[in-house]
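Asks: File run39.csv below, CSV, C-alpha atoms:
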```csv
chain,number,residue,atom,x,y,z
A,234,GLY,CA,8.1,-19.3,15.9
A,235,ALA,CA,7.8,-15.6,16.9
A,236,GLY,CA,4.6,-14.6,18.6
A,237,VAL,CA,2.8,-11.3,18.8
A,238,SER,CA,5.2,-8.6,19.9
A,239,GLN,CA,4.2,-5.4,21.6
A,240,SER,CA,6.3,-2.4,22.6
A,241,PRO,CA,6.9,-0.8,24.9
A,242,SER,CA,6.1,-3.3,27.6
A,243,ASN,CA,5.6,-0.4,30.1
A,244,LYS,CA,4.9,3.2,29.5
A,245,VAL,CA,4.5,6.0,32.1
A,246,THR,CA,3.3,9.3,30.8
A,247,GLU,CA,2.0,12.6,32.1
A,248,LYS,CA,-1.6,13.5,31.7
A,249,GLY,CA,-2.1,15.4,28.5
A,250,LYS,CA,0.8,13.8,26.6
A,251,ASP,CA,0.3,11.7,23.5
A,252,VAL,CA,1.5,8.0,23.4
A,253,GLU,CA,2.0,5.5,20.7
A,254,LEU,CA,1.7,1.8,21.3
A,255,ARG,CA,3.1,-0.7,18.7
A,256,CYS,CA,2.1,-4.2,17.8
A,257,ASP,CA,3.9,-6.6,15.5
A,258,PRO,CA,1.5,-9.5,14.7
A,259,ILE,CA,2.5,-13.0,13.8
A,260,SER,CA,3.8,-13.1,10.2
A,261,GLY,CA,1.0,-14.0,7.7
A,262,HIS,CA,-1.8,-13.2,10.1
A,263,THR,CA,-4.3,-11.0,8.3
A,264,ALA,CA,-6.5,-10.0,11.2
A,265,LEU,CA,-5.3,-7.8,14.1
A,266,TYR,CA,-7.2,-6.7,17.2
A,267,TRP,CA,-6.6,-4.2,20.0
A,268,TYR,CA,-8.2,-4.8,23.4
A,269,ARG,CA,-7.9,-2.9,26.7
A,270,GLN,CA,-7.7,-4.6,30.1
A,271,SER,CA,-8.3,-2.3,33.1
A,272,LEU,CA,-7.7,-3.3,36.7
A,273,GLY,CA,-10.5,-5.6,37.8
A,274,GLN,CA,-12.2,-5.5,34.4
A,275,GLY,CA,-12.4,-7.9,31.5
A,276,LEU,CA,-11.1,-7.3,28.1
A,277,GLU,CA,-12.7,-4.4,26.3
A,278,PHE,CA,-12.6,-4.5,22.5
A,279,LEU,CA,-11.2,-1.4,20.8
A,280,ILE,CA,-10.7,-2.0,17.1
A,281,TYR,CA,-10.2,-4.7,14.5
A,282,PHE,CA,-8.2,-4.7,11.3
A,283,GLN,CA,-8.5,-7.0,8.3
A,284,GLY,CA,-5.4,-6.2,6.3
A,285,ASN,CA,-4.9,-2.5,6.4
A,286,SER,CA,-8.6,-1.5,6.8
A,287,ALA,CA,-10.5,-1.3,10.0
A,288,PRO,CA,-14.1,-2.6,9.5
A,289,ASP,CA,-14.9,-2.2,13.2
A,290,LYS,CA,-13.8,0.7,15.2
A,291,SER,CA,-16.8,0.6,17.5
A,292,GLY,CA,-14.8,0.1,20.7
A,293,LEU,CA,-12.6,3.2,20.5
A,294,PRO,CA,-13.6,5.1,23.7
A,295,SER,CA,-13.2,8.6,22.2
A,296,ASP,CA,-11.8,10.6,19.3
A,297,ARG,CA,-8.5,10.8,21.3
A,298,PHE,CA,-7.9,7.2,20.3
A,299,SER,CA,-6.8,6.2,16.8
A,300,ALA,CA,-5.1,3.2,15.2
A,301,GLU,CA,-3.5,2.4,11.9
A,302,ARG,CA,-2.0,-0.6,10.3
A,303,THR,CA,0.5,-0.5,7.4
A,304,GLY,CA,1.6,-3.1,5.0
A,305,GLY,CA,-0.9,-5.6,6.5
A,306,SER,CA,1.5,-6.0,9.4
A,307,VAL,CA,2.6,-3.6,12.1
A,308,SER,CA,-0.2,-1.6,13.9
A,309,THR,CA,0.1,1.5,16.0
A,310,LEU,CA,-2.5,2.6,18.6
A,311,THR,CA,-2.2,6.3,19.4
A,312,ILE,CA,-3.8,8.0,22.4
A,313,GLN,CA,-3.8,11.8,22.3
A,314,ARG,CA,-4.0,14.1,25.3
A,315,THR,CA,-3.9,11.1,27.7
A,316,GLN,CA,-6.1,11.0,30.8
A,317,GLN,CA,-5.8,9.1,34.0
A,318,GLU,CA,-8.7,6.8,33.0
A,319,ASP,CA,-6.6,5.7,30.0
A,320,SER,CA,-4.4,3.8,32.4
A,321,ALA,CA,-4.7,0.1,31.5
A,322,VAL,CA,-3.0,-2.8,29.8
A,323,TYR,CA,-3.4,-2.6,26.1
A,324,LEU,CA,-3.4,-6.0,24.4
A,325,CYS,CA,-2.9,-6.7,20.7
A,326,ALA,CA,-3.9,-10.0,19.1
A,327,SER,CA,-3.7,-11.5,15.7
A,328,SER,CA,-5.3,-14.4,13.9
A,329,LEU,CA,-4.6,-16.2,10.7
A,330,VAL,CA,-7.8,-15.3,9.0
A,331,GLN,CA,-11.0,-13.4,10.0
A,332,LEU,CA,-12.2,-14.8,13.3
A,333,GLY,CA,-14.4,-17.8,13.4
A,334,ASN,CA,-12.5,-20.9,13.6
A,335,SER,CA,-9.1,-19.2,13.9
A,336,PRO,CA,-8.1,-18.4,17.5
A,337,LEU,CA,-6.5,-15.1,18.6
A,338,HIS,CA,-2.9,-15.1,19.5
A,339,PHE,CA,-2.2,-12.4,22.1
A,340,GLY,CA,0.9,-10.3,22.9
A,341,ASN,CA,2.0,-9.7,26.4
A,342,GLY,CA,0.6,-6.2,26.4
A,343,THR,CA,1.7,-2.6,27.0
A,344,ARG,CA,1.0,-1.4,30.6
A,345,LEU,CA,0.1,2.3,30.3
A,346,THR,CA,0.2,4.5,33.4
A,347,VAL,CA,-1.0,8.1,33.2
A,348,THR,CA,0.2,10.2,36.1
M,5,ALA,CA,-25.0,-7.7,20.7
M,6,GLN,CA,-23.3,-10.6,22.4
M,7,SER,CA,-22.5,-10.6,26.1
M,8,VAL,CA,-20.7,-13.0,28.3
M,9,THR,CA,-21.2,-13.5,32.1
M,10,GLN,CA,-18.7,-15.3,34.3
M,11,LEU,CA,-20.1,-16.1,37.7
M,12,GLY,CA,-17.6,-15.4,40.4
M,13,SER,CA,-14.7,-13.0,39.9
M,14,HIS,CA,-12.7,-15.1,42.4
M,15,VAL,CA,-12.7,-18.9,42.9
M,16,SER,CA,-10.6,-20.7,45.4
M,17,VAL,CA,-10.2,-24.5,45.6
M,18,SER,CA,-7.9,-26.9,47.3
M,19,GLU,CA,-5.1,-28.7,45.4
M,20,GLY,CA,-6.6,-31.9,44.0
M,21,ALA,CA,-10.2,-30.6,44.2
M,22,LEU,CA,-12.6,-30.1,41.3
M,23,VAL,CA,-12.3,-26.8,39.4
M,24,LEU,CA,-15.5,-25.4,38.0
M,25,LEU,CA,-15.6,-22.0,36.3
M,26,ARG,CA,-18.9,-20.8,35.0
M,27,CYS,CA,-19.7,-19.0,31.8
M,28,ASN,CA,-23.0,-18.0,30.2
M,29,TYR,CA,-23.5,-16.2,27.0
M,30,SER,CA,-26.4,-14.2,25.7
M,31,SER,CA,-27.1,-15.2,22.1
M,32,SER,CA,-29.5,-17.9,21.1
M,33,VAL,CA,-27.4,-18.6,18.0
M,34,PRO,CA,-24.6,-21.1,18.8
M,35,PRO,CA,-21.4,-19.0,18.3
M,36,TYR,CA,-17.8,-19.9,18.6
M,37,LEU,CA,-16.8,-20.1,22.2
M,38,PHE,CA,-13.4,-19.9,23.8
M,39,TRP,CA,-11.6,-20.1,27.1
M,40,TYR,CA,-8.4,-18.3,27.5
M,41,VAL,CA,-6.0,-18.4,30.5
M,42,GLN,CA,-3.7,-15.6,31.7
M,43,TYR,CA,-0.8,-16.5,34.0
M,44,PRO,CA,0.8,-13.8,36.1
M,45,ASN,CA,2.7,-11.3,34.0
M,46,GLN,CA,1.9,-13.2,30.8
M,47,GLY,CA,-0.3,-12.7,27.8
M,48,LEU,CA,-3.5,-14.7,27.2
M,49,GLN,CA,-3.2,-18.2,25.9
M,50,LEU,CA,-5.9,-20.3,24.3
M,51,LEU,CA,-7.1,-23.0,26.6
M,52,LEU,CA,-9.8,-24.5,24.4
M,53,LYS,CA,-12.4,-23.6,21.8
M,54,TYR,CA,-15.9,-24.8,20.7
M,55,THR,CA,-16.7,-24.8,17.1
M,56,SER,CA,-19.8,-27.0,16.9
M,57,ALA,CA,-17.9,-30.3,16.2
M,58,ALA,CA,-18.6,-31.7,19.6
M,59,THR,CA,-20.3,-30.4,22.7
M,60,LEU,CA,-17.6,-31.6,25.1
M,61,VAL,CA,-14.3,-29.9,24.3
M,62,LYS,CA,-11.0,-30.9,25.7
M,63,GLY,CA,-8.2,-28.4,26.1
M,64,ILE,CA,-4.7,-28.2,27.4
M,65,ASN,CA,-3.5,-29.0,30.9
M,66,GLY,CA,-6.5,-31.3,31.6
M,67,PHE,CA,-9.2,-28.7,31.2
M,68,GLU,CA,-12.5,-29.3,29.4
M,69,ALA,CA,-15.7,-27.5,28.8
M,70,GLU,CA,-19.2,-28.5,27.8
M,71,PHE,CA,-21.4,-26.5,25.5
M,72,LYS,CA,-25.0,-26.6,26.6
M,73,LYS,CA,-27.2,-24.8,24.1
M,74,SER,CA,-30.4,-25.1,26.3
M,75,GLU,CA,-28.6,-23.3,29.1
M,76,THR,CA,-26.5,-21.0,26.9
M,77,SER,CA,-23.5,-22.1,29.1
M,78,PHE,CA,-19.9,-23.1,28.5
M,79,HIS,CA,-18.5,-24.0,31.9
M,80,LEU,CA,-14.9,-24.9,32.3
M,81,THR,CA,-13.9,-27.9,34.5
M,82,LYS,CA,-10.8,-29.8,35.6
M,83,PRO,CA,-11.2,-32.9,37.8
M,84,SER,CA,-8.1,-32.2,40.0
M,85,ALA,CA,-6.6,-28.8,40.5
M,86,HIS,CA,-2.8,-28.3,40.5
M,87,MET,CA,-0.9,-25.4,42.0
M,88,SER,CA,0.2,-24.4,38.5
M,89,ASP,CA,-3.5,-23.8,37.5
M,90,ALA,CA,-3.5,-20.5,39.5
M,91,ALA,CA,-4.3,-17.9,36.9
M,92,GLU,CA,-7.1,-15.7,35.5
M,93,TYR,CA,-9.5,-17.4,33.2
M,94,PHE,CA,-11.5,-15.6,30.5
M,95,CYS,CA,-14.5,-16.9,28.6
M,96,ALA,CA,-15.1,-15.4,25.2
M,97,VAL,CA,-17.7,-15.7,22.5
M,98,SER,CA,-17.6,-14.6,18.9
M,99,ASP,CA,-19.7,-11.6,18.0
M,100,ALA,CA,-22.9,-13.0,16.5
M,101,GLU,CA,-22.8,-10.5,13.7
M,102,GLY,CA,-20.2,-11.7,11.3
M,103,ALA,CA,-18.1,-13.4,14.0
M,104,GLN,CA,-15.5,-10.7,13.5
M,105,LYS,CA,-14.4,-10.1,17.1
M,106,LEU,CA,-14.5,-11.8,20.5
M,107,VAL,CA,-16.5,-10.5,23.4
M,108,PHE,CA,-14.9,-11.4,26.7
M,109,GLY,CA,-16.3,-12.0,30.1
M,110,GLN,CA,-14.9,-10.2,33.2
M,111,GLY,CA,-12.6,-13.0,34.1
M,112,THR,CA,-12.3,-15.4,37.0
M,113,ARG,CA,-9.2,-15.4,39.2
M,114,LEU,CA,-8.5,-19.0,40.3
M,115,THR,CA,-6.6,-19.5,43.5
M,116,ILE,CA,-5.3,-23.0,44.5
M,117,ASN,CA,-4.8,-23.7,48.2
M,118,PRO,CA,-2.2,-26.2,49.3
```
Is it possible to express this structure as structure tokens?

Replies:
Amino acid sequence: GAGVSQSPSNKVTEKGKDVELRCDPISGHTALYWYRQSLGQGLEFLIYFQGNSAPDKSGLPSDRFSAERTGGSVSTLTIQRTQQEDSAVYLCASSLVQLGNSPLHFGNGTRLTVT
Amino acid sequence: AQSVTQLGSHVSVSEGALVLLRCNYSSSVPPYLFWYVQYPNQGLQLLLKYTSAATLVKGINGFEAEFKKSETSFHLTKPSAHMSDAAEYFCAVSDAEGAQKLVFGQGTRLTINP
């Protein structure tokens, strides 16, 4: 079946511009996660959705970052006024139910480069 | 809050040799534990998971991991490395508070020498 789909796969933007990253989770998965993977770093948690609500936004680095999820499905991560330090691979993952015994299924990520 | 430490950002072994990737977590409460693998230019794939059913967990591609509560460790092993095992490996533990997200280690890049 279809996995987690992220678009675009690559995005190059100029410093100061806004970007939107999209995630299509696996159909029926209620939980959706955004992580960031920087060069030489591990995965940094950004935000978690259960349905359309976000119980945990603790990982968003600043108020330039926001995310929403509509219809319990597609999610968009928006970065306003991008900075060079925002350059990273942004990973989306979904799971069937709230994490515990249900593993995360990851997309291939969006590689963001801020010039 | 949970934290995960992977000892060794790079590990290099010869083809056919034992693979040992180390992972330690911080919590005294046995959480859910996972190993994920990321092949070049691909997303993360689940390798195996520990959910308290058994301390020795077998995963895909011949990998296994042993949960040791007394050592707060969950090291990943494979008896005989194959060239196709070259990848980055991430240990992850569920957040102890409500188990709502995974906390990942920094990753270990495994290189296999012919």

Asks: From the list A:Asp319, A:Val252, A:Gly304, A:His338, which residue is nearest chain M when using only C-alpha atoms?

Replies: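 Among the listed residues, A:His338 lies closest to chain M.
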
Asks: For Phe339 in chain A, which residue among A:Val245, A:Arg302, A:Gln317, A:Arg269 is the nearest when counting all atoms listed in the file?

Replies: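 Ranking A:Val245, A:Arg302, A:Gln317, A:Arg269 by distance to Phe339 in chain A, first place goes to A:Arg269.
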
Asks: Could you tell me which residues of chain M sit within 9 Å of chain A when counting all atoms listed in the file, and give me the result as an mmCIF file with C-alpha atoms, keeping the file's coordinate frame?

Replies:
```cif
data_model
loop_
_atom_site.group_PDB
_atom_site.id
_atom_site.type_symbol
_atom_site.label_atom_id
_atom_site.label_comp_id
_atom_site.auth_asym_id
_atom_site.auth_seq_id
_atom_site.Cartn_x
_atom_site.Cartn_y
_atom_site.Cartn_z
ATOM 1 C CA SER M 13 -14.700 -13.000 39.900
ATOM 2 C CA PRO M 35 -21.400 -19.000 18.300
ATOM 3 C CA TYR M 36 -17.800 -19.900 18.600
ATOM 4 C CA PHE M 38 -13.400 -19.900 23.800
ATOM 5 C CA ASN M 45 2.700 -11.300 34.000
ATOM 6 C CA GLN M 46 1.900 -13.200 30.800
ATOM 7 C CA GLY M 47 -0.300 -12.700 27.800
ATOM 8 C CA LEU M 48 -3.500 -14.700 27.200
ATOM 9 C CA GLN M 49 -3.200 -18.200 25.900
ATOM 10 C CA LEU M 50 -5.900 -20.300 24.300
ATOM 11 C CA LYS M 53 -12.400 -23.600 21.800
ATOM 12 C CA TYR M 54 -15.900 -24.800 20.700
ATOM 13 C CA THR M 55 -16.700 -24.800 17.100
ATOM 14 C CA PHE M 94 -11.500 -15.600 30.500
ATOM 15 C CA SER M 98 -17.600 -14.600 18.900
ATOM 16 C CA GLY M 102 -20.200 -11.700 11.300
ATOM 17 C CA ALA M 103 -18.100 -13.400 14.000
ATOM 18 C CA GLN M 104 -15.500 -10.700 13.500
ATOM 19 C CA LYS M 105 -14.400 -10.100 17.100
ATOM 20 C CA LEU M 106 -14.500 -11.800 20.500
ATOM 21 C CA VAL M 107 -16.500 -10.500 23.400
ATOM 22 C CA PHE M 108 -14.900 -11.400 26.700
ATOM 23 C CA GLY M 109 -16.300 -12.000 30.100
ATOM 24 C CA GLN M 110 -14.900 -10.200 33.200
ATOM 25 C CA GLY M 111 -12.600 -13.000 34.100
#
```

Asks: Could you name the residues that touch Gln239 in chain A at 12 Å or less, counting all atoms listed in the file, but leaving out those on the same chain fewer than 4 positions away, as an NGL selection string?

Replies: (:A and (235 or 243-244 or 253-259 or 267 or 307-310 or 322-327 or 339-344)) or (:M and (47))

Asks: Tell me, as a ChimeraX atom specification, which residues lie within 10 Å of Lys72 in chain M, counting all atoms listed in the file; anything in the same chain fewer than 3 positions away does not count.

Replies: /M:28,34,59-60,69,75-79

Asks: Between CA of Pro83 in chain M and CA of Ile64 in chain M, what is the distance, to one decimal in Å?

Replies: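 Value for the CA of Pro83 in chain M-CA of Ile64 in chain M distance: 13.1 Å.
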
Asks: Quick one: distance from CA of Ile312 in chain A to CA of Ser291 in chain A in Å, one decimal?

Replies: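 Going from CA of Ile312 in chain A over to CA of Ser291 in chain A, I get 15.7 Å.
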
Asks: Need the shell around Thr112 in chain M: protein/DNA/RNA residues with any atom at most 9 Å away, counting only C-alpha atoms. Skip same-chain ones fewer than 2 positions apart. Format as a CSV table (one decimal) with C-alpha atoms, in the coordinates of the input?

Replies:
```
chain,number,residue,atom,x,y,z
M,10,GLN,CA,-18.7,-15.3,34.3
M,11,LEU,CA,-20.1,-16.1,37.7
M,12,GLY,CA,-17.6,-15.4,40.4
M,13,SER,CA,-14.7,-13.0,39.9
M,14,HIS,CA,-12.7,-15.1,42.4
M,15,VAL,CA,-12.7,-18.9,42.9
M,25,LEU,CA,-15.6,-22.0,36.3
M,26,ARG,CA,-18.9,-20.8,35.0
M,91,ALA,CA,-4.3,-17.9,36.9
M,92,GLU,CA,-7.1,-15.7,35.5
M,93,TYR,CA,-9.5,-17.4,33.2
M,94,PHE,CA,-11.5,-15.6,30.5
M,95,CYS,CA,-14.5,-16.9,28.6
M,109,GLY,CA,-16.3,-12.0,30.1
M,110,GLN,CA,-14.9,-10.2,33.2
M,114,LEU,CA,-8.5,-19.0,40.3
```

Asks: Can you work out which one of M:Val61, M:Leu37, M:Ala85, M:Val97 has the shortest atom-to-atom distance to Val8 in chain M, counting all atoms listed in the file?

Replies: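 The shortest atom-to-atom distance to Val8 in chain M comes from M:Val97.
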
Asks: Report, in Å to a single decimal, how far apart CA of Val23 in chain M and CA of Ser74 in chain M are.

Replies: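 It comes out at 22.4 Å.
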
Asks: With 10 Å as the threshold, what does the neighbourhood of (0.0, -26.0, 36.6) contain in terms of residues, counting only C-alpha atoms? Coordinates are those of the file; answer as a PyMOL selection string.

Replies: chain M and resi 43+65-66+85-91+116

Asks: Which residue is closest to Gln313 in chain A? Choose from A:Arg297, A:Lys290, A:His262, A:Lys248 and count only C-alpha atoms.

Replies: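 With only C-alpha atoms as the atom set, the closest residue is A:Arg297.
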
Asks: A:Ser306, A:Ser320, A:Ser295, A:Ser286: which is nearest Ser238 in chain A, counting all atoms listed in the file?

Replies: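 Under the stated criterion, the closest residue is A:Ser306.
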
Asks: Of the candidates A:Leu345, A:Gly305, A:Ser260, A:Phe298, which one gets nearest to Ala321 in chain A if we count only C-alpha atoms?

Replies: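 Ranking A:Leu345, A:Gly305, A:Ser260, A:Phe298 by distance to Ala321 in chain A, first place goes to A:Leu345.
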